[in-house]
$ cat upload28.cif   # mmCIF, C-alpha atoms
data_run
#
loop_
_atom_site.group_PDB
_atom_site.id
_atom_site.type_symbol
_atom_site.label_atom_id
_atom_site.label_comp_id
_atom_site.auth_asym_id
_atom_site.auth_seq_id
_atom_site.Cartn_x
_atom_site.Cartn_y
_atom_site.Cartn_z
ATOM 1 C CA MET L 230 108.546 108.001 118.290
ATOM 2 C CA ILE L 231 106.738 104.817 119.307
ATOM 3 C CA ASN L 232 103.180 104.554 117.975
ATOM 4 C CA GLN L 233 100.090 102.654 119.010
ATOM 5 C CA ALA L 234 97.887 101.095 116.375
ATOM 6 C CA VAL L 235 94.586 99.391 115.903
ATOM 7 C CA PHE L 236 94.934 96.687 113.292
ATOM 8 C CA LEU L 237 91.660 95.940 111.527
ATOM 9 C CA ASP L 238 90.410 93.049 109.477
ATOM 10 C CA LYS L 239 88.636 94.204 106.303
ATOM 11 C CA ASP L 240 85.774 91.852 105.362
ATOM 12 C CA GLY L 241 83.171 91.576 108.086
ATOM 13 C CA THR L 242 84.921 94.149 110.271
ATOM 14 C CA LEU L 243 85.273 97.337 108.186
ATOM 15 C CA VAL L 244 82.989 96.382 105.306
ATOM 16 C CA GLU L 245 80.071 93.990 105.020
ATOM 17 C CA ASP L 246 81.331 90.520 104.181
ATOM 18 C CA VAL L 247 80.594 89.731 100.545
ATOM 19 C CA PRO L 248 82.875 86.766 99.776
ATOM 20 C CA TYR L 249 85.638 87.522 97.274
ATOM 21 C CA ASN L 250 84.122 90.868 96.379
ATOM 22 C CA ILE L 251 85.994 93.357 94.209
ATOM 23 C CA LYS L 252 82.925 95.204 92.908
ATOM 24 C CA PRO L 253 82.857 98.783 94.260
ATOM 25 C CA ASP L 254 79.045 98.988 94.229
ATOM 26 C CA LEU L 255 78.836 96.037 96.665
ATOM 27 C CA ILE L 256 81.187 97.588 99.233
ATOM 28 C CA LYS L 257 79.213 98.782 102.235
ATOM 29 C CA LEU L 258 80.752 99.912 105.507
ATOM 30 C CA THR L 259 79.763 97.948 108.600
ATOM 31 C CA GLN L 260 77.604 99.354 111.371
ATOM 32 C CA GLY L 261 79.688 101.524 113.682
ATOM 33 C CA ALA L 262 82.720 101.562 111.387
ATOM 34 C CA ILE L 263 82.939 105.316 110.814
ATOM 35 C CA ALA L 264 82.119 106.343 114.395
ATOM 36 C CA GLY L 265 84.458 103.700 115.807
ATOM 37 C CA LEU L 266 87.380 104.690 113.618
ATOM 38 C CA GLN L 267 86.789 108.382 114.278
ATOM 39 C CA LEU L 268 86.987 107.683 118.015
ATOM 40 C CA LEU L 269 90.168 105.626 117.690
ATOM 41 C CA GLN L 270 91.774 108.231 115.453
ATOM 42 C CA ALA L 271 90.878 110.981 117.947
ATOM 43 C CA TRP L 272 92.718 109.002 120.639
ATOM 44 C CA GLY L 273 95.830 108.933 118.443
ATOM 45 C CA TYR L 274 95.814 105.355 117.182
ATOM 46 C CA LYS L 275 97.217 104.529 113.767
ATOM 47 C CA LEU L 276 94.590 102.591 111.775
ATOM 48 C CA ILE L 277 96.047 99.753 109.724
ATOM 49 C CA VAL L 278 94.091 97.162 107.728
ATOM 50 C CA ILE L 279 95.343 93.547 107.717
ATOM 51 C CA SER L 280 93.383 91.319 105.326
ATOM 52 C CA ASN L 281 93.517 87.845 103.823
ATOM 53 C CA GLN L 282 92.607 88.058 100.137
ATOM 54 C CA SER L 283 92.886 84.476 98.919
ATOM 55 C CA GLY L 284 90.638 85.271 95.951
ATOM 56 C CA VAL L 285 93.858 86.190 94.127
ATOM 57 C CA ALA L 286 95.403 82.727 94.720
ATOM 58 C CA ARG L 287 92.101 81.042 93.960
ATOM 59 C CA GLY L 288 91.890 82.809 90.580
ATOM 60 C CA TYR L 289 88.672 84.697 91.401
ATOM 61 C CA PHE L 290 90.239 88.085 90.664
ATOM 62 C CA ARG L 291 93.576 89.625 89.757
ATOM 63 C CA GLU L 292 95.732 91.374 92.326
ATOM 64 C CA SER L 293 95.364 94.608 90.341
ATOM 65 C CA GLU L 294 91.584 94.495 90.932
ATOM 66 C CA LEU L 295 92.221 94.284 94.678
ATOM 67 C CA VAL L 296 94.360 97.425 94.497
ATOM 68 C CA ALA L 297 91.332 99.312 93.129
ATOM 69 C CA VAL L 298 89.222 98.132 96.098
ATOM 70 C CA THR L 299 91.945 99.291 98.482
ATOM 71 C CA LYS L 300 91.959 102.755 96.907
ATOM 72 C CA LEU L 301 88.170 102.916 97.191
ATOM 73 C CA LEU L 302 88.336 102.106 100.912
ATOM 74 C CA PHE L 303 90.882 104.864 101.521
ATOM 75 C CA LYS L 304 88.554 107.247 99.676
ATOM 76 C CA LEU L 305 85.376 106.158 101.508
ATOM 77 C CA PHE L 306 86.990 106.613 104.910
ATOM 78 C CA SER L 307 88.715 109.844 103.947
ATOM 79 C CA GLU L 308 85.368 111.331 102.928
ATOM 80 C CA GLN L 309 84.235 110.696 106.531
ATOM 81 C CA GLY L 310 87.346 112.279 108.046
ATOM 82 C CA VAL L 311 89.061 108.968 108.810
ATOM 83 C CA THR L 312 92.637 108.357 107.703
ATOM 84 C CA LEU L 313 93.697 104.775 107.161
ATOM 85 C CA ASP L 314 97.427 104.745 107.790
ATOM 86 C CA ASP L 315 98.138 101.643 105.744
ATOM 87 C CA PHE L 316 96.620 98.553 104.154
ATOM 88 C CA TYR L 317 98.276 95.138 104.020
ATOM 89 C CA TYR L 318 96.837 92.062 102.361
ATOM 90 C CA CYS L 319 97.878 88.491 101.801
ATOM 91 C CA PRO L 320 97.032 87.210 98.294
ATOM 92 C CA HIS L 321 98.215 83.659 99.063
ATOM 93 C CA HIS L 322 96.496 80.379 99.790
ATOM 94 C CA PRO L 323 98.231 76.984 99.857
ATOM 95 C CA ASN L 324 95.367 75.458 97.830
ATOM 96 C CA GLY L 325 95.287 78.239 95.249
ATOM 97 C CA VAL L 326 95.169 77.645 91.506
ATOM 98 C CA VAL L 327 97.408 80.579 90.503
ATOM 99 C CA SER L 328 100.859 79.059 90.957
ATOM 100 C CA GLU L 329 102.736 82.193 92.072
ATOM 101 C CA TYR L 330 100.221 82.713 94.896
ATOM 102 C CA ALA L 331 99.577 79.051 95.778
ATOM 103 C CA ILE L 332 101.958 78.943 98.722
ATOM 104 C CA SER L 333 102.038 78.667 102.484
ATOM 105 C CA CYS L 334 103.314 81.963 103.819
ATOM 106 C CA GLU L 335 103.921 83.969 106.970
ATOM 107 C CA CYS L 336 101.524 86.742 105.982
ATOM 108 C CA ARG L 337 98.236 84.802 105.843
ATOM 109 C CA LYS L 338 96.289 85.124 109.091
ATOM 110 C CA PRO L 339 96.436 83.447 111.593
ATOM 111 C CA GLU L 340 100.153 83.994 110.955
ATOM 112 C CA PRO L 341 101.232 87.409 112.302
ATOM 113 C CA GLY L 342 103.545 88.338 109.403
ATOM 114 C CA LEU L 343 101.617 91.337 108.064
ATOM 115 C CA ILE L 344 101.147 92.772 111.552
ATOM 116 C CA LEU L 345 104.863 92.441 112.254
ATOM 117 C CA ARG L 346 105.730 94.048 108.899
ATOM 118 C CA ALA L 347 103.373 96.969 109.615
ATOM 119 C CA ALA L 348 104.741 97.351 113.144
ATOM 120 C CA ASP L 349 108.271 97.558 111.811
ATOM 121 C CA LYS L 350 107.403 100.093 109.107
ATOM 122 C CA HIS L 351 105.314 102.330 111.386
ATOM 123 C CA ASN L 352 107.348 101.870 114.598
ATOM 124 C CA ILE L 353 104.359 100.340 116.429
ATOM 125 C CA ASP L 354 104.411 99.256 120.076
ATOM 126 C CA LEU L 355 102.539 95.965 119.700
ATOM 127 C CA GLN L 356 101.959 95.455 123.444
ATOM 128 C CA ASN L 357 99.950 98.688 123.510
ATOM 129 C CA SER L 358 98.142 98.013 120.244
ATOM 130 C CA TRP L 359 94.991 96.112 119.334
ATOM 131 C CA PHE L 360 93.686 93.796 116.617
ATOM 132 C CA ILE L 361 89.971 93.807 115.773
ATOM 133 C CA GLY L 362 88.467 91.106 113.587
ATOM 134 C CA ASP L 363 85.366 89.003 113.052
ATOM 135 C CA ILE L 364 86.856 85.497 113.104
ATOM 136 C CA LEU L 365 89.246 83.621 115.361
ATOM 137 C CA ASN L 366 92.047 83.622 112.756
ATOM 138 C CA ASP L 367 92.105 87.409 113.253
ATOM 139 C CA VAL L 368 92.262 86.970 117.015
ATOM 140 C CA GLU L 369 95.063 84.421 116.724
ATOM 141 C CA ALA L 370 97.123 86.649 114.432
ATOM 142 C CA GLY L 371 96.755 89.578 116.839
ATOM 143 C CA ASN L 372 97.596 87.474 119.892
ATOM 144 C CA ARG L 373 100.632 85.920 118.170
ATOM 145 C CA ALA L 374 101.892 89.405 117.299
ATOM 146 C CA GLY L 375 101.559 90.493 120.933
ATOM 147 C CA CYS L 376 98.503 92.750 120.573
ATOM 148 C CA LYS L 377 95.362 92.836 122.661
ATOM 149 C CA THR L 378 92.470 91.432 120.639
ATOM 150 C CA ILE L 379 88.771 92.019 120.104
ATOM 151 C CA LEU L 380 86.380 89.683 118.311
ATOM 152 C CA ILE L 381 83.370 91.245 116.636
ATOM 153 C CA ASP L 382 80.877 88.442 117.078
ATOM 154 C CA ASN L 383 78.674 89.014 114.043
ATOM 155 C CA GLY L 384 78.089 85.386 113.074
ATOM 156 C CA HIS L 385 81.010 85.056 110.647
ATOM 157 C CA GLU L 386 83.068 82.628 112.755
ATOM 158 C CA THR L 387 81.986 79.135 111.769
ATOM 159 C CA GLU L 388 84.734 76.865 113.102
ATOM 160 C CA TRP L 389 85.113 77.937 116.767
ATOM 161 C CA LEU L 390 88.356 75.974 117.084
ATOM 162 C CA LEU L 391 89.622 77.265 120.405
ATOM 163 C CA SER L 392 93.143 77.348 121.765
ATOM 164 C CA SER L 393 94.931 79.798 124.015
ATOM 165 C CA MET L 394 95.920 81.932 120.999
ATOM 166 C CA ARG L 395 92.339 82.036 119.685
ATOM 167 C CA ILE L 396 90.689 83.535 122.768
ATOM 168 C CA PRO L 397 90.025 87.271 122.407
ATOM 169 C CA HIS L 398 90.558 89.713 125.233
ATOM 170 C CA TYR L 399 87.078 91.126 124.512
ATOM 171 C CA THR L 400 84.049 90.193 122.407
ATOM 172 C CA VAL L 401 81.703 92.899 121.096
ATOM 173 C CA THR L 402 78.971 93.383 118.488
ATOM 174 C CA ASP L 403 80.442 96.084 116.213
ATOM 175 C CA LEU L 404 83.375 98.377 115.569
ATOM 176 C CA MET L 405 82.020 101.238 117.677
ATOM 177 C CA ALA L 406 81.712 98.922 120.685
ATOM 178 C CA ALA L 407 85.304 97.772 120.050
ATOM 179 C CA ALA L 408 86.523 101.379 119.965
ATOM 180 C CA GLN L 409 84.762 102.064 123.269
ATOM 181 C CA VAL L 410 86.476 99.044 124.865
ATOM 182 C CA ILE L 411 89.868 100.271 123.662
ATOM 183 C CA THR L 412 89.433 103.848 124.858
ATOM 184 C CA ARG L 413 88.192 102.649 128.273
ATOM 185 C CA ASN L 414 91.252 100.388 128.691
ATOM 186 C CA LEU L 415 94.069 102.874 128.336
#

$ encode --input "upload28.cif" --output "structure tokens"
Amino acid sequence: MINQAVFLDKDGTLVEDVPYNIKPDLIKLTQGAIAGLQLLQAWGYKLIVISNQSGVARGYFRESELVAVTKLLFKLFSEQGVTLDDFYYCPHHPNGVVSEYAISCECRKPEPGLILRAADKHNIDLQNSWFIGDILNDVEAGNRAGCKTILIDNGHETEWLLSSMRIPHYTVTDLMAAAQVITRNL
């Protein structure tokens, strides 16, 4: 069976952006996150998180601490009736200080590696799937993977380096608005 998915950035898209945060008490869901994901789930989309977590490579926290945050997110969404189907993260950064993670890789957005890995594992039809994120690296990763893309314009993009791969199909203000765009464009 071929599946459709909505790939979601974590920081700034699903949860409020607190840079390099691994503290559970600072994790707050973004406006519209629950309602948006409930709508997408009701329409049959798999919900898969794709996140850059360079804090591991930079030595700000251990990868094991990130695993605890991931488990907390699954729990928070589950308590609201939302099932996250999977969670992928890239712990790398070419300028990292932890040698095993200080690499250039194919999984760090804007590279599409994690999306492609998730699509393979979950048998995802990328042309009928979406990527939602709050910066243009998210948009580029989704476009390069062959998804339709939505930028949540919440002020987190600071570079605005545009190219054909960095132009979203839609721009909205929150995750609920993104879900409404997706369900209107079937």

$ resolve_selection --input "upload28.cif" --expression "the PyMOL selection byres ((chain L and resi 231) around 10)" --output "list in words"
Met230, Asn232, Gln233, Ala348, His351, Asn352, Ile353, Asp354 and Leu355 of chain L

$ residues_around --input "upload28.cif" --residues "range 359-366 of chain L" --least-positions-apart "6" --cutoff "8 Å" --atoms "only C-alpha atoms" --output "list in words"
Ala234, Val235, Phe236, Leu237, Asp238, Lys239, Gly241, Thr242, Lys338, Pro339, Cys376, Lys377, Thr378, Ile379, Leu380, Ile381, Asp382, Asn383, His385, Glu386, Trp389, Leu390, Arg395, Ile396, Pro397, Ala407 and Ile411 of chain L

$ write_last_selection --input "upload28.cif" --atoms "C-alpha atoms" --output "PDB file, in the frame of the given file"
ATOM      1  CA  ALA L 234      97.887 101.095 116.375  1.00  0.00           C
ATOM      2  CA  VAL L 235      94.586  99.391 115.903  1.00  0.00           C
ATOM      3  CA  PHE L 236      94.934  96.687 113.292  1.00  0.00           C
ATOM      4  CA  LEU L 237      91.660  95.940 111.527  1.00  0.00           C
ATOM      5  CA  ASP L 238      90.410  93.049 109.477  1.00  0.00           C
ATOM      6  CA  LYS L 239      88.636  94.204 106.303  1.00  0.00           C
ATOM      7  CA  GLY L 241      83.171  91.576 108.086  1.00  0.00           C
ATOM      8  CA  THR L 242      84.921  94.149 110.271  1.00  0.00           C
ATOM      9  CA  LYS L 338      96.289  85.124 109.091  1.00  0.00           C
ATOM     10  CA  PRO L 339      96.436  83.447 111.593  1.00  0.00           C
ATOM     11  CA  CYS L 376      98.503  92.750 120.573  1.00  0.00           C
ATOM     12  CA  LYS L 377      95.362  92.836 122.661  1.00  0.00           C
ATOM     13  CA  THR L 378      92.470  91.432 120.639  1.00  0.00           C
ATOM     14  CA  ILE L 379      88.771  92.019 120.104  1.00  0.00           C
ATOM     15  CA  LEU L 380      86.380  89.683 118.311  1.00  0.00           C
ATOM     16  CA  ILE L 381      83.370  91.245 116.636  1.00  0.00           C
ATOM     17  CA  ASP L 382      80.877  88.442 117.078  1.00  0.00           C
ATOM     18  CA  ASN L 383      78.674  89.014 114.043  1.00  0.00           C
ATOM     19  CA  HIS L 385      81.010  85.056 110.647  1.00  0.00           C
ATOM     20  CA  GLU L 386      83.068  82.628 112.755  1.00  0.00           C
ATOM     21  CA  TRP L 389      85.113  77.937 116.767  1.00  0.00           C
ATOM     22  CA  LEU L 390      88.356  75.974 117.084  1.00  0.00           C
ATOM     23  CA  ARG L 395      92.339  82.036 119.685  1.00  0.00           C
ATOM     24  CA  ILE L 396      90.689  83.535 122.768  1.00  0.00           C
ATOM     25  CA  PRO L 397      90.025  87.271 122.407  1.00  0.00           C
ATOM     26  CA  ALA L 407      85.304  97.772 120.050  1.00  0.00           C
ATOM     27  CA  ILE L 411      89.868 100.271 123.662  1.00  0.00           C
TER      28      ILE L 411
END

$ atom_distance --input "upload28.cif" --atom1 "CA of Ala374 in chain L" --atom2 "CA of Asn357 in chain L"
11.3 Å

$ closest_residue --input "upload28.cif" --among "L:Ser283, L:Thr412, L:Ser333, L:Thr299" --to "Pro320 in chain L" --atoms "only C-alpha atoms"
L:Ser283

$ atom_distance --input "upload28.cif" --atom1 "CA of Gly371 in chain L" --atom2 "CA of Ser393 in chain L"
12.3 Å

$ resolve_selection --input "upload28.cif" --expression "the PyMOL selection byres ((chain L and resi 250-255) around 8)" --output "ChimeraX atom specification"
/L:247-249,256-257,290,294-295,298,301

$ closest_residue --input "upload28.cif" --among "L:Trp272, L:Gln309, L:Gly342, L:Gly288" --to "Ser328 in chain L" --atoms "only C-alpha atoms"
L:Gly288

$ atom_distance --input "upload28.cif" --atom1 "CA of Asp403 in chain L" --atom2 "CA of Val368 in chain L"
14.9 Å

$ axis_aligned_box --input "upload28.cif" --around "range 353-363 of chain L" --padding-each-side "3 Å" --output "lines of an AutoDock Vina configuration file"
center_x = 94.9
center_y = 94.7
center_z = 118.3
size_x = 25.0
size_y = 17.3
size_z = 16.5

$ residues_around --input "upload28.cif" --residues "His321 in chain L" --least-positions-apart "3" --cutoff "7 Å" --atoms "all atoms listed in the file" --output "list in words"
Ser283, Ala286, Tyr330, Ala331, Ile332 and Arg337 of chain L

$ closest_residue --input "upload28.cif" --among "L:Gly384, L:Glu292, L:Asn281, L:Asn414" --to "His398 in chain L" --atoms "only C-alpha atoms"
L:Asn414

$ build_atoms --input "upload28.cif" --residues "range 266-296 of chain L" --atoms "N, CA and C atoms" --output "short mmCIF file (atom, residue, chain, number, x, y, z; two decimals), keeping the file's coordinate frame"
data_model
loop_
_atom_site.label_atom_id
_atom_site.label_comp_id
_atom_site.auth_asym_id
_atom_site.auth_seq_id
_atom_site.Cartn_x
_atom_site.Cartn_y
_atom_site.Cartn_z
N LEU L 266 86.06 104.26 114.10
CA LEU L 266 87.38 104.69 113.62
C LEU L 266 87.64 106.15 113.94
N GLN L 267 86.61 106.98 113.89
CA GLN L 267 86.79 108.38 114.28
C GLN L 267 87.22 108.49 115.74
N LEU L 268 86.62 107.68 116.60
CA LEU L 268 86.99 107.68 118.02
C LEU L 268 88.43 107.22 118.20
N LEU L 269 88.80 106.14 117.56
CA LEU L 269 90.17 105.63 117.69
C LEU L 269 91.20 106.61 117.15
N GLN L 270 90.87 107.23 116.04
CA GLN L 270 91.77 108.23 115.45
C GLN L 270 91.93 109.43 116.39
N ALA L 271 90.83 109.85 117.01
CA ALA L 271 90.88 110.98 117.95
C ALA L 271 91.76 110.67 119.15
N TRP L 272 91.87 109.41 119.52
CA TRP L 272 92.72 109.00 120.64
C TRP L 272 94.16 108.75 120.19
N GLY L 273 94.45 108.99 118.92
CA GLY L 273 95.83 108.93 118.44
C GLY L 273 96.31 107.59 117.92
N TYR L 274 95.41 106.65 117.71
CA TYR L 274 95.81 105.36 117.18
C TYR L 274 96.01 105.41 115.68
N LYS L 275 97.07 104.77 115.20
CA LYS L 275 97.22 104.53 113.77
C LYS L 275 96.20 103.44 113.40
N LEU L 276 95.60 103.54 112.24
CA LEU L 276 94.59 102.59 111.78
C LEU L 276 95.15 101.85 110.57
N ILE L 277 95.38 100.54 110.75
CA ILE L 277 96.05 99.75 109.72
C ILE L 277 95.21 98.51 109.43
N VAL L 278 94.89 98.31 108.16
CA VAL L 278 94.09 97.16 107.73
C VAL L 278 95.02 95.98 107.45
N ILE L 279 94.62 94.80 107.94
CA ILE L 279 95.34 93.55 107.72
C ILE L 279 94.31 92.55 107.20
N SER L 280 94.45 92.10 105.95
CA SER L 280 93.38 91.32 105.33
C SER L 280 93.92 90.13 104.54
N ASN L 281 93.28 88.98 104.70
CA ASN L 281 93.52 87.84 103.82
C ASN L 281 92.68 88.05 102.56
N GLN L 282 93.31 87.90 101.41
CA GLN L 282 92.61 88.06 100.14
C GLN L 282 92.96 86.88 99.22
N SER L 283 92.54 85.69 99.65
CA SER L 283 92.89 84.48 98.92
C SER L 283 92.20 84.37 97.57
N GLY L 284 91.27 85.28 97.27
CA GLY L 284 90.64 85.27 95.95
C GLY L 284 91.65 85.42 94.83
N VAL L 285 92.78 86.06 95.12
CA VAL L 285 93.86 86.19 94.13
C VAL L 285 94.43 84.80 93.84
N ALA L 286 94.83 84.06 94.89
CA ALA L 286 95.40 82.73 94.72
C ALA L 286 94.40 81.75 94.12
N ARG L 287 93.14 81.95 94.44
CA ARG L 287 92.10 81.04 93.96
C ARG L 287 91.69 81.35 92.51
N GLY L 288 92.20 82.46 91.96
CA GLY L 288 91.89 82.81 90.58
C GLY L 288 90.56 83.52 90.40
N TYR L 289 89.96 84.01 91.49
CA TYR L 289 88.67 84.70 91.40
C TYR L 289 88.82 86.12 90.90
N PHE L 290 89.96 86.74 91.16
CA PHE L 290 90.24 88.08 90.66
C PHE L 290 91.75 88.31 90.65
N ARG L 291 92.15 89.29 89.86
CA ARG L 291 93.58 89.62 89.76
C ARG L 291 93.97 90.55 90.90
N GLU L 292 95.24 90.51 91.25
CA GLU L 292 95.73 91.37 92.33
C GLU L 292 95.50 92.84 92.00
N SER L 293 95.59 93.21 90.74
CA SER L 293 95.36 94.61 90.34
C SER L 293 93.94 95.06 90.66
N GLU L 294 92.97 94.15 90.59
CA GLU L 294 91.58 94.50 90.93
C GLU L 294 91.45 94.75 92.44
N LEU L 295 92.22 94.07 93.23
CA LEU L 295 92.22 94.28 94.68
C LEU L 295 92.80 95.65 95.02
N VAL L 296 93.77 96.10 94.28
CA VAL L 296 94.36 97.42 94.50
C VAL L 296 93.29 98.51 94.33
#
